[in-house]
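Listing of model_15.cif; format and content: mmCIF, C-alpha atoms.
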data_target
loop_
_atom_site.label_atom_id
_atom_site.label_comp_id
_atom_site.auth_asym_id
_atom_site.auth_seq_id
_atom_site.Cartn_x
_atom_site.Cartn_y
_atom_site.Cartn_z
CA MET A 1 0.00 0.00 0.00
CA THR A 2 1.33 3.42 -0.95
CA ALA A 3 -1.50 5.72 0.16
CA PRO A 4 -1.41 7.15 3.69
CA TYR A 5 -5.20 6.71 3.91
CA ALA A 6 -5.04 2.99 3.10
CA CYS A 7 -5.82 0.52 5.87
CA GLN A 8 -2.57 -0.87 7.22
CA PRO A 9 -2.48 -4.40 8.68
CA ALA A 10 -0.40 -3.27 11.66
CA ASP A 11 -3.11 -0.75 12.58
CA SER A 12 -6.04 -3.18 12.48
CA ARG A 13 -8.38 -2.95 15.46
CA GLY A 14 -8.18 -6.73 15.69
CA ARG A 15 -10.83 -9.35 16.33
CA LEU A 16 -13.56 -9.62 18.94
CA TYR A 17 -11.97 -12.84 20.18
CA ASP A 18 -8.19 -12.53 20.44
CA GLU A 19 -6.17 -14.89 18.27
CA ASP A 20 -2.49 -15.32 17.58
CA LEU A 21 -1.36 -13.46 14.46
CA SER A 22 -0.59 -15.51 11.38
CA SER A 23 3.08 -15.76 10.46
CA PHE A 24 2.40 -15.66 6.72
CA ARG A 25 -0.96 -13.91 6.17
CA SER A 26 -2.14 -10.39 6.93
CA PRO A 27 -5.34 -10.03 9.00
CA TRP A 28 -7.38 -9.34 5.88
CA GLN A 29 -5.88 -12.20 3.90
CA ARG A 30 -6.99 -14.38 6.78
CA ASP A 31 -10.49 -12.84 6.68
CA ARG A 32 -10.65 -13.46 2.94
CA ASP A 33 -9.69 -17.10 3.39
CA ARG A 34 -12.24 -17.66 6.16
CA ILE A 35 -14.99 -16.18 4.01
CA ILE A 36 -14.07 -18.34 1.02
CA HIS A 37 -14.07 -21.48 3.18
CA SER A 38 -17.39 -20.69 4.87
CA SER A 39 -20.55 -22.71 4.24
CA ALA A 40 -22.46 -19.56 3.29
CA PHE A 41 -19.95 -18.74 0.55
CA ARG A 42 -20.28 -22.19 -1.01
CA ARG A 43 -24.07 -21.88 -1.05
CA LEU A 44 -23.79 -18.79 -3.27
CA LYS A 45 -23.12 -21.22 -6.12
CA HIS A 46 -26.82 -22.11 -6.24
CA LYS A 47 -28.34 -18.76 -5.32
CA THR A 48 -29.45 -16.75 -8.31
CA GLN A 49 -29.49 -13.05 -9.18
CA VAL A 50 -32.48 -12.65 -11.49
CA PHE A 51 -33.25 -15.98 -13.15
CA VAL A 52 -34.43 -18.78 -10.89
CA GLU A 53 -32.47 -22.03 -11.04
CA GLN A 54 -35.09 -24.44 -12.25
CA GLU A 55 -35.17 -27.37 -14.66
CA GLY A 56 -36.93 -26.49 -17.89
CA ASP A 57 -36.86 -22.74 -17.29
CA ALA A 58 -36.42 -21.15 -20.73
CA TYR A 59 -34.56 -18.21 -19.22
CA ARG A 60 -32.18 -20.18 -17.03
CA GLY A 61 -28.89 -21.49 -18.31
CA ASP A 62 -25.43 -22.34 -17.19
CA TYR A 63 -24.12 -19.04 -18.57
CA PHE A 64 -26.27 -16.82 -16.36
CA ARG A 65 -24.67 -15.33 -13.29
CA THR A 66 -25.26 -16.73 -9.85
CA ARG A 67 -24.49 -15.03 -6.54
CA LEU A 68 -21.13 -16.82 -6.55
CA THR A 69 -19.99 -15.75 -10.01
CA HIS A 70 -21.25 -12.24 -9.29
CA THR A 71 -19.25 -12.17 -6.05
CA ILE A 72 -16.09 -13.30 -7.83
CA GLU A 73 -16.54 -10.55 -10.41
CA VAL A 74 -17.07 -7.95 -7.68
CA ALA A 75 -13.90 -9.10 -5.90
CA GLN A 76 -11.91 -8.83 -9.15
CA VAL A 77 -13.10 -5.26 -9.76
CA ALA A 78 -12.47 -4.32 -6.13
CA ARG A 79 -8.88 -5.56 -6.25
CA THR A 80 -8.25 -3.70 -9.52
CA VAL A 81 -9.63 -0.37 -8.32
CA ALA A 82 -8.07 -0.64 -4.86
CA GLY A 83 -4.69 -1.40 -6.38
CA ALA A 84 -4.92 1.55 -8.75
CA LEU A 85 -5.64 3.86 -5.81
CA GLY A 86 -2.89 2.55 -3.54
CA LEU A 87 -5.37 0.96 -1.14
CA ASN A 88 -5.26 -2.37 0.67
CA THR A 89 -6.40 -4.87 -1.95
CA ASP A 90 -6.83 -7.68 0.59
CA LEU A 91 -9.35 -5.75 2.68
CA ALA A 92 -11.25 -4.59 -0.41
CA GLU A 93 -11.39 -8.19 -1.60
CA ALA A 94 -12.54 -9.53 1.78
CA VAL A 95 -15.44 -7.05 1.95
CA ALA A 96 -16.36 -7.81 -1.67
CA LEU A 97 -16.38 -11.57 -1.04
CA ALA A 98 -18.65 -11.18 2.00
CA HIS A 99 -21.04 -8.54 0.70
CA ASP A 100 -23.70 -10.96 -0.62
CA LEU A 101 -23.49 -13.74 1.99
CA GLY A 102 -26.82 -12.66 3.51
CA HIS A 103 -28.88 -12.92 0.33
CA PRO A 104 -31.68 -15.52 0.48
CA PRO A 105 -32.72 -17.85 -2.35
CA PHE A 106 -34.41 -16.45 -5.45
CA GLY A 107 -32.49 -13.16 -5.64
CA HIS A 108 -34.23 -9.91 -4.77
CA THR A 109 -37.59 -11.67 -5.06
CA GLY A 110 -36.66 -13.87 -2.11
CA GLU A 111 -35.49 -10.85 -0.15
CA ASP A 112 -38.77 -9.02 -0.78
CA ALA A 113 -40.78 -12.05 0.30
CA LEU A 114 -38.81 -12.63 3.51
CA ALA A 115 -38.88 -8.93 4.39
CA ALA A 116 -42.69 -9.04 4.25
CA LEU A 117 -42.87 -12.28 6.24
CA MET A 118 -40.50 -10.94 8.90
CA GLN A 119 -42.19 -7.57 9.26
CA PRO A 120 -43.91 -8.58 12.55
CA PHE A 121 -40.61 -9.96 13.89
CA GLY A 122 -38.04 -7.22 13.30
CA GLY A 123 -37.69 -7.32 9.52
CA PHE A 124 -35.03 -8.66 7.17
CA ASP A 125 -32.07 -6.95 5.49
CA HIS A 126 -29.50 -8.90 3.50
CA ASN A 127 -26.55 -6.71 4.55
CA ALA A 128 -27.40 -7.17 8.22
CA GLN A 129 -27.94 -10.89 7.61
CA ALA A 130 -24.42 -11.15 6.18
CA LEU A 131 -23.11 -9.80 9.48
CA ARG A 132 -25.23 -12.31 11.39
CA ILE A 133 -23.74 -15.10 9.31
CA VAL A 134 -20.12 -14.10 9.85
CA THR A 135 -20.55 -13.35 13.57
CA ARG A 136 -22.97 -16.05 14.67
CA LEU A 137 -24.35 -18.59 12.19
CA GLU A 138 -21.11 -20.09 10.88
CA ARG A 139 -20.24 -22.64 13.56
CA HIS A 140 -16.94 -24.31 12.77
CA TYR A 141 -14.35 -22.94 15.16
CA ALA A 142 -13.64 -24.23 18.65
CA GLY A 143 -13.33 -20.85 20.37
CA PHE A 144 -16.21 -18.83 18.92
CA ASP A 145 -19.31 -18.74 16.73
CA GLY A 146 -18.97 -17.03 13.36
CA LEU A 147 -15.70 -16.33 11.56
CA ASN A 148 -14.22 -13.85 14.05
CA LEU A 149 -13.41 -11.37 11.28
CA THR A 150 -11.50 -8.19 11.94
CA TRP A 151 -13.25 -4.95 12.88
CA GLU A 152 -12.38 -3.43 9.51
CA THR A 153 -14.01 -6.23 7.53
CA LEU A 154 -17.13 -6.12 9.71
CA GLU A 155 -17.24 -2.34 9.31
CA GLY A 156 -17.01 -2.79 5.55
CA ILE A 157 -19.88 -5.27 5.42
CA ALA A 158 -22.03 -2.99 7.58
CA LYS A 159 -21.24 0.37 5.97
CA HIS A 160 -19.94 -0.21 2.44
CA ASN A 161 -23.01 1.60 1.10
CA GLY A 162 -22.49 4.51 3.48
CA PRO A 163 -23.29 5.46 7.08
CA VAL A 164 -26.25 3.66 8.64
CA ALA A 165 -28.86 5.63 10.56
CA PRO A 166 -31.09 4.19 13.30
CA PRO A 167 -33.34 2.35 13.70
CA TYR A 168 -30.94 -0.42 12.76
CA PRO A 169 -31.99 -3.76 11.27
CA TYR A 170 -32.23 -6.40 13.97
CA ALA A 171 -29.10 -8.33 13.03
CA LEU A 172 -27.02 -5.17 12.62
CA GLU A 173 -28.17 -3.82 15.97
CA GLN A 174 -27.14 -7.08 17.64
CA VAL A 175 -23.67 -7.08 16.09
CA ASN A 176 -23.12 -3.39 16.78
CA ALA A 177 -24.10 -3.84 20.43
CA ALA A 178 -21.35 -6.44 20.80
CA TRP A 179 -18.74 -4.32 19.00
CA ASP A 180 -19.27 -0.69 18.04
CA LEU A 181 -18.87 -0.38 14.26
CA GLU A 182 -19.24 3.43 14.35
CA LEU A 183 -22.25 3.26 12.07
CA SER A 184 -22.65 7.04 11.76
CA THR A 185 -19.39 7.42 9.82
CA HIS A 186 -18.30 6.33 6.37
CA ALA A 187 -16.40 3.08 5.97
CA SER A 188 -12.81 2.83 4.79
CA ALA A 189 -11.97 3.62 1.19
CA GLU A 190 -11.44 -0.12 0.66
CA ALA A 191 -15.04 -0.86 1.67
CA GLN A 192 -16.32 1.97 -0.52
CA VAL A 193 -14.40 0.41 -3.42
CA ALA A 194 -16.19 -2.89 -2.78
CA ALA A 195 -19.56 -1.11 -2.94
CA VAL A 196 -18.85 0.57 -6.27
CA ALA A 197 -17.36 -2.68 -7.62
CA ASP A 198 -20.75 -4.28 -6.89
CA ASP A 199 -22.48 -1.66 -9.04
CA ILE A 200 -19.97 -2.08 -11.85
CA ALA A 201 -20.29 -5.87 -11.85
CA TYR A 202 -24.05 -6.13 -11.88
CA ASN A 203 -24.59 -3.31 -14.38
CA HIS A 204 -22.20 -5.11 -16.71
CA HIS A 205 -23.36 -8.70 -16.29
CA ASP A 206 -27.09 -7.96 -16.19
CA LEU A 207 -26.74 -6.55 -19.68
CA HIS A 208 -24.97 -9.74 -20.75
CA ASP A 209 -27.59 -11.99 -19.13
CA GLY A 210 -30.57 -10.01 -20.41
CA LEU A 211 -29.25 -10.22 -23.97
CA ARG A 212 -28.58 -13.94 -23.63
CA ALA A 213 -32.08 -14.49 -22.27
CA GLY A 214 -33.59 -12.68 -25.25
CA LEU A 215 -35.34 -10.10 -23.07
CA PHE A 216 -33.96 -7.29 -25.24
CA THR A 217 -31.62 -6.86 -28.20
CA GLU A 218 -28.55 -4.85 -29.06
CA ASP A 219 -30.79 -2.51 -31.07
CA ASP A 220 -32.80 -1.84 -27.90
CA LEU A 221 -29.58 -0.74 -26.19
CA ALA A 222 -28.42 1.55 -29.00
CA GLN A 223 -30.13 4.65 -27.60
CA LEU A 224 -28.88 4.21 -24.04
CA PRO A 225 -26.00 6.32 -22.72
CA ILE A 226 -22.60 4.65 -22.37
CA ILE A 227 -23.82 1.50 -24.16
CA GLY A 228 -24.84 3.04 -27.48
CA PRO A 229 -21.47 4.80 -27.94
CA ALA A 230 -19.66 1.56 -27.04
CA PHE A 231 -21.42 -0.36 -29.81
CA ALA A 232 -20.76 2.51 -32.26
CA GLN A 233 -17.06 2.43 -31.39
CA VAL A 234 -16.89 -1.33 -32.00
CA ASP A 235 -18.70 -0.99 -35.33
CA GLN A 236 -16.28 1.71 -36.44
CA ARG A 237 -13.19 -0.23 -35.43
CA HIS A 238 -14.39 -3.74 -36.36
CA PRO A 239 -17.02 -3.47 -39.11
CA GLY A 240 -18.87 -6.68 -39.86
CA LEU A 241 -17.90 -8.36 -36.59
CA ASP A 242 -20.03 -11.42 -35.78
CA PRO A 243 -22.84 -10.73 -33.24
CA ASP A 244 -21.35 -12.56 -30.25
CA ARG A 245 -17.96 -10.88 -30.58
CA ARG A 246 -19.61 -7.51 -31.24
CA ARG A 247 -21.65 -7.85 -28.05
CA HIS A 248 -18.65 -8.84 -25.96
CA GLU A 249 -16.44 -6.08 -27.36
CA ALA A 250 -19.07 -3.42 -26.69
CA LEU A 251 -19.91 -4.53 -23.16
CA ARG A 252 -16.29 -4.83 -22.12
CA ARG A 253 -15.91 -1.20 -23.20
CA VAL A 254 -18.87 -0.29 -21.00
CA PHE A 255 -17.11 -2.11 -18.16
CA GLY A 256 -13.91 -0.18 -18.81
CA VAL A 257 -15.71 3.17 -18.89
CA MET A 258 -17.18 2.52 -15.43
CA VAL A 259 -13.86 1.44 -13.90
CA GLU A 260 -11.90 4.33 -15.39
CA ASP A 261 -14.54 6.83 -14.24
CA VAL A 262 -14.43 5.59 -10.63
CA ILE A 263 -10.62 5.75 -10.52
CA ALA A 264 -10.54 9.27 -12.01
CA VAL A 265 -13.21 10.57 -9.62
CA ALA A 266 -11.51 8.98 -6.62
CA ASN A 267 -8.12 10.43 -7.51
CA ASP A 268 -9.65 13.88 -7.84
CA ARG A 269 -11.57 13.71 -4.55
CA LEU A 270 -8.64 12.25 -2.65
CA ALA A 271 -6.34 14.96 -3.96
CA ARG A 272 -8.75 17.67 -2.78
CA LEU A 273 -9.43 16.02 0.59
CA ASN A 274 -5.77 15.13 1.14
CA PRO A 275 -6.54 12.59 3.89
CA ALA A 276 -3.65 11.68 6.17
CA SER A 277 -5.23 8.48 7.47
CA VAL A 278 -8.17 6.15 7.08
CA ASP A 279 -9.90 8.03 9.90
CA ASP A 280 -9.96 11.12 7.65
CA ILE A 281 -11.79 8.99 5.05
CA ARG A 282 -14.32 7.90 7.67
CA ALA A 283 -14.89 11.49 8.83
CA ALA A 284 -15.31 12.94 5.32
CA GLN A 285 -18.56 14.68 4.43
CA GLY A 286 -19.26 12.24 1.63
CA ALA A 287 -18.01 9.11 -0.05
CA VAL A 288 -14.64 9.41 -1.77
CA ILE A 289 -15.28 6.45 -4.08
CA SER A 290 -18.17 6.90 -6.52
CA PHE A 291 -19.11 7.54 -10.12
CA SER A 292 -19.00 11.01 -11.61
CA PRO A 293 -22.39 12.79 -11.83
CA PRO A 294 -22.66 12.36 -15.64
CA LEU A 295 -21.87 8.65 -15.47
CA HIS A 296 -24.16 8.20 -12.48
CA GLN A 297 -27.00 9.72 -14.48
CA GLY A 298 -26.24 7.46 -17.43
CA LEU A 299 -26.29 4.41 -15.17
CA ARG A 300 -29.65 5.50 -13.76
CA GLU A 301 -31.07 5.38 -17.27
CA ILE A 302 -29.55 1.93 -17.82
CA LYS A 303 -30.98 0.67 -14.51
CA SER A 304 -34.40 2.03 -15.42
CA PHE A 305 -34.22 0.16 -18.72
CA LEU A 306 -33.14 -3.06 -16.98
CA PHE A 307 -35.90 -2.75 -14.41
CA LYS A 308 -38.59 -2.58 -17.08
CA ARG A 309 -37.15 -4.98 -19.62
CA MET A 310 -35.41 -7.52 -17.37
CA TYR A 311 -36.30 -7.43 -13.67
CA ARG A 312 -40.00 -6.97 -14.46
CA ALA A 313 -40.13 -8.83 -17.75
CA PRO A 314 -43.31 -10.95 -17.98
CA SER A 315 -41.43 -14.24 -17.80
CA VAL A 316 -39.46 -13.06 -14.77
CA VAL A 317 -42.63 -11.76 -13.07
CA VAL A 318 -44.19 -15.22 -13.43
CA GLU A 319 -41.18 -16.76 -11.69
CA ARG A 320 -41.31 -14.07 -9.00
CA ARG A 321 -44.88 -15.01 -8.19
CA LEU A 322 -44.09 -18.72 -8.09
CA VAL A 323 -41.12 -18.48 -5.76
CA THR A 324 -42.82 -15.89 -3.55
CA ALA A 325 -45.69 -18.32 -3.11
CA MET A 326 -43.22 -21.06 -2.15
CA LEU A 327 -41.60 -18.93 0.55
CA ASN A 328 -45.03 -17.80 1.75
CA GLU A 329 -45.82 -21.45 2.42
CA LEU A 330 -42.44 -22.60 3.75
CA PHE A 331 -41.85 -19.86 6.31
CA PRO A 332 -45.13 -20.16 8.27
CA LEU A 333 -44.90 -23.96 8.07
CA PHE A 334 -41.52 -23.97 9.84
CA LEU A 335 -42.75 -21.32 12.26
CA SER A 336 -45.74 -23.40 13.35
CA ARG A 337 -44.03 -26.78 13.03
CA PRO A 338 -40.42 -26.47 14.21
CA GLU A 339 -40.19 -30.26 14.19
CA ALA A 340 -40.01 -29.96 10.38
CA LEU A 341 -36.63 -28.26 10.72
CA PRO A 342 -33.47 -30.37 10.64
CA GLY A 343 -30.86 -30.92 13.37
CA HIS A 344 -29.98 -28.10 15.71
CA TRP A 345 -32.41 -25.78 13.92
CA GLN A 346 -35.27 -27.89 15.27
CA THR A 347 -33.90 -27.94 18.80
CA ASP A 348 -33.22 -24.21 18.87
CA ALA A 349 -36.58 -23.22 17.36
CA ALA A 350 -38.71 -25.52 19.51
CA ALA A 351 -37.33 -24.02 22.73
CA ALA A 352 -37.50 -20.39 21.60
CA PRO A 353 -40.29 -17.84 22.14
CA MET A 354 -42.10 -16.84 18.96
CA GLN A 355 -40.02 -13.72 18.23
CA GLU A 356 -36.74 -15.61 18.45
CA ARG A 357 -38.21 -18.65 16.69
CA ALA A 358 -39.07 -16.48 13.71
CA ARG A 359 -35.46 -15.30 13.58
CA ILE A 360 -34.21 -18.90 13.66
CA VAL A 361 -36.62 -19.90 10.88
CA LEU A 362 -35.46 -16.88 8.87
CA ASP A 363 -31.81 -17.88 9.33
CA TYR A 364 -32.63 -21.35 8.01
CA VAL A 365 -34.77 -20.26 5.05
CA ALA A 366 -32.48 -17.37 4.06
CA GLY A 367 -29.56 -19.78 3.99
CA MET A 368 -31.26 -22.08 1.47
CA THR A 369 -30.15 -22.29 -2.13
CA ASP A 370 -32.77 -21.94 -4.84
CA ARG A 371 -32.92 -25.64 -5.57
CA TYR A 372 -32.97 -26.66 -1.90
CA ALA A 373 -35.86 -24.27 -1.21
CA MET A 374 -37.79 -25.79 -4.12
CA ALA A 375 -36.99 -29.31 -2.93
CA GLU A 376 -38.15 -28.48 0.62
CA TRP A 377 -41.36 -26.99 -0.75
CA GLU A 378 -41.97 -30.14 -2.79
CA ARG A 379 -41.26 -32.36 0.23
CA LEU A 380 -43.23 -30.48 2.86
CA CYS A 381 -46.02 -28.69 1.09
CA ASN A 382 -46.87 -31.44 -1.40
CA SER A 383 -49.41 -29.39 -3.27
CA ALA A 384 -50.02 -28.28 -6.81
CA THR A 385 -47.65 -25.78 -8.34
CA PRO A 386 -48.24 -22.47 -6.53
CA THR A 387 -49.90 -19.78 -8.58
CA GLY A 388 -49.08 -16.76 -6.40
#
Target encoding structure tokens, full file:
Amino acid sequence: MTAPYACQPADSRGRLYDEDLSSFRSPWQRDRDRIIHSSAFRRLKHKTQVFVEQEGDAYRGDYFRTRLTHTIEVAQVARTVAGALGLNTDLAEAVALAHDLGHPPFGHTGEDALAALMQPFGGFDHNAQALRIVTRLERHYAGFDGLNLTWETLEGIAKHNGPVAPPYPYALEQVNAAWDLELSTHASAEAQVAAVADDIAYNHHDLHDGLRAGLFTEDDLAQLPIIGPAFAQVDQRHPGLDPDRRRHEALRRVFGVMVEDVIAVANDRLARLNPASVDDIRAAQGAVISFSPPLHQGLREIKSFLFKRMYRAPSVVVERRLVTAMLNELFPLFLSRPEALPGHWQTDAAAAPMQERARIVLDYVAGMTDRYAMAEWERLCNSATPTG
């Protein structure tokens, strides 16, 4: 690290439970490794972004992104941007790898359904759930529950999208009570990089996946900012290029425009702020890592297009209704019949008062993969295909 405002391993605030330092890994390399080896990280392989993982689904294929492939792409962008800015690439990568651990099955549809189901019991938020996973639900180590990540990584998971104002989501409030994450301040520049890397990755790959699914065409994208000029540049430089190569060449240029914009904006803001330490980053009036206003506006137009043509496409809406109906049956079933839960989940839920039981059931259901949730619905509900 060359920047004075980068997080330095020697200055880490450590872990909630003291451990001996590694002789060959920095604290954030160790965090990264623990996240990668966690059960929740492996389950991302079969958690989807937009298209539900289901046999016979015309819009589901092996080339579509899952939460795992998305997370890997975010981590790659985060390391690239952090390195270009002289930041700690290991911390940026650790936050990026953990940022989606709390997502439930069925993408944002599953999150919407569980948020509604949990409304009487303290709500549901996937960022807060990621913290609950890494501090409590992963149970592998002899000396503690969770992964015992460093303060900086936990701060990054909690605040990578900016300061958090009360009232806090249940899981975040619980973690913050055990260890103050200073939720009213910004996170480190490394965590801010992870947040913007998330935006870059999904804006890029949702365009890829929507085109592959046939929900829109290259001609539909021609009038959009950033994307239209990218296709025009490819056509000028490589006239007559076959459609697949043309698509890839254009979208990788869109990717490059986003990355270069973030780096340029960050360099400018950091030069004006002239922070002497990471604490100056945390105390700044605004984020130091973000898109420029013109690019941000262009991305808003792209997101609006994707919302209408992809996230709310008729075929996707049908799947949203189906999987929402599944969760609307599974959650109350486990809540009223804890004996249907497996192993320690059953024991914990049966002995808990209703408020805590709901949280245990949420932990179990939110941890499911798409295909496991569908299999559990088939096994336990044993009814006709839900219609929503």
Spatial sel., origin (-25.0, 11.4, 10.4), limit 10 Å, all atoms listed in the file, listed as a PyMOL selection string: chain A and resi 163-166+183-186+285
Spatial neighbours of region 196-203 of chain A, max dist 10 Å, all atoms listed in the file, sep filter under 3 positions, as number ranges by chain: A: 49, 65, 70-82, 92, 96, 99-100, 160-161, 191-193, 206-209, 254-259, 262, 289-291, 299, 302-303, 306
Selected residue, from A:Leu147, A:Met368, A:Ala3, A:Ala189, that lies nearest to Lys159 (chain A) when counting only C-alpha atoms: A:Ala189
Selection dump of the PyMOL selection byres ((chain A and resi 270) around 12), as a VMD selection string: chain A and resid 3 to 6 85 to 87 189 262 to 269 271 to 278 280 to 281 284 286 to 290
Restricting it to C-alpha atoms, dump the selection as an mmCIF file, in the coordinates of the input.
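result-v6.cif, written as the output of this step:
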data_model
loop_
_atom_site.group_PDB
_atom_site.id
_atom_site.type_symbol
_atom_site.label_atom_id
_atom_site.label_comp_id
_atom_site.auth_asym_id
_atom_site.auth_seq_id
_atom_site.Cartn_x
_atom_site.Cartn_y
_atom_site.Cartn_z
ATOM 1 C CA ALA A 3 -1.500 5.720 0.160
ATOM 2 C CA PRO A 4 -1.410 7.150 3.690
ATOM 3 C CA TYR A 5 -5.200 6.710 3.910
ATOM 4 C CA ALA A 6 -5.040 2.990 3.100
ATOM 5 C CA LEU A 85 -5.640 3.860 -5.810
ATOM 6 C CA GLY A 86 -2.890 2.550 -3.540
ATOM 7 C CA LEU A 87 -5.370 0.960 -1.140
ATOM 8 C CA ALA A 189 -11.970 3.620 1.190
ATOM 9 C CA VAL A 262 -14.430 5.590 -10.630
ATOM 10 C CA ILE A 263 -10.620 5.750 -10.520
ATOM 11 C CA ALA A 264 -10.540 9.270 -12.010
ATOM 12 C CA VAL A 265 -13.210 10.570 -9.620
ATOM 13 C CA ALA A 266 -11.510 8.980 -6.620
ATOM 14 C CA ASN A 267 -8.120 10.430 -7.510
ATOM 15 C CA ASP A 268 -9.650 13.880 -7.840
ATOM 16 C CA ARG A 269 -11.570 13.710 -4.550
ATOM 17 C CA ALA A 271 -6.340 14.960 -3.960
ATOM 18 C CA ARG A 272 -8.750 17.670 -2.780
ATOM 19 C CA LEU A 273 -9.430 16.020 0.590
ATOM 20 C CA ASN A 274 -5.770 15.130 1.140
ATOM 21 C CA PRO A 275 -6.540 12.590 3.890
ATOM 22 C CA ALA A 276 -3.650 11.680 6.170
ATOM 23 C CA SER A 277 -5.230 8.480 7.470
ATOM 24 C CA VAL A 278 -8.170 6.150 7.080
ATOM 25 C CA ASP A 280 -9.960 11.120 7.650
ATOM 26 C CA ILE A 281 -11.790 8.990 5.050
ATOM 27 C CA ALA A 284 -15.310 12.940 5.320
ATOM 28 C CA GLY A 286 -19.260 12.240 1.630
ATOM 29 C CA ALA A 287 -18.010 9.110 -0.050
ATOM 30 C CA VAL A 288 -14.640 9.410 -1.770
ATOM 31 C CA ILE A 289 -15.280 6.450 -4.080
ATOM 32 C CA SER A 290 -18.170 6.900 -6.520
#
Top pick for closest residue to Val323 (chain A), considering A:Met374, A:Leu149, A:Ala171, A:Ala178 and counting all atoms listed in the file: A:Met374
Chain and number of each residue from the PyMOL selection byres ((chain A and resi 324) around 7), as a list in words: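 Matching residues under the PyMOL selection byres ((chain A and resi 324) around 7) are Thr109, Gly110, Ala113, Arg320, Arg321, Leu322, Val323, Ala325, Met326, Leu327, Asn328 and Gly388 of chain A.
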Chain and number of each residue from the PyMOL selection byres ((chain A and resi 94) around 10), as a ChimeraX atom specification: /A:28-36,75,78-79,89-93,95-99,149,152-154,156-157,190-191,194
Polymer residues at most 9 Å from Met118 (chain A), all atoms listed in the file, same-chain spacing of 5 or more positions, as an mmCIF file with C-alpha atoms, in the frame of the given file:
data_model
loop_
_atom_site.group_PDB
_atom_site.id
_atom_site.type_symbol
_atom_site.label_atom_id
_atom_site.label_comp_id
_atom_site.auth_asym_id
_atom_site.auth_seq_id
_atom_site.Cartn_x
_atom_site.Cartn_y
_atom_site.Cartn_z
ATOM 1 C CA ALA A 113 -40.780 -12.050 0.300
ATOM 2 C CA GLY A 123 -37.690 -7.320 9.520
ATOM 3 C CA PHE A 124 -35.030 -8.660 7.170
ATOM 4 C CA ALA A 358 -39.070 -16.480 13.710
ATOM 5 C CA ARG A 359 -35.460 -15.300 13.580
ATOM 6 C CA LEU A 362 -35.460 -16.880 8.870
#
CA of Phe24 (chain A) to CA of Gly83 (chain A), distance in Å rounded to a single decimal: 20.6 Å
Spatial neighbours of region 235-237 of chain A, max dist 12 Å, all atoms listed in the file, sep filter under 6 positions, as a list in words: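 Contacts, in chain order: Ala222, Gly228, Pro229, Pro243, Arg245, Arg246, Arg247, Glu249 and Ala250 of chain A.
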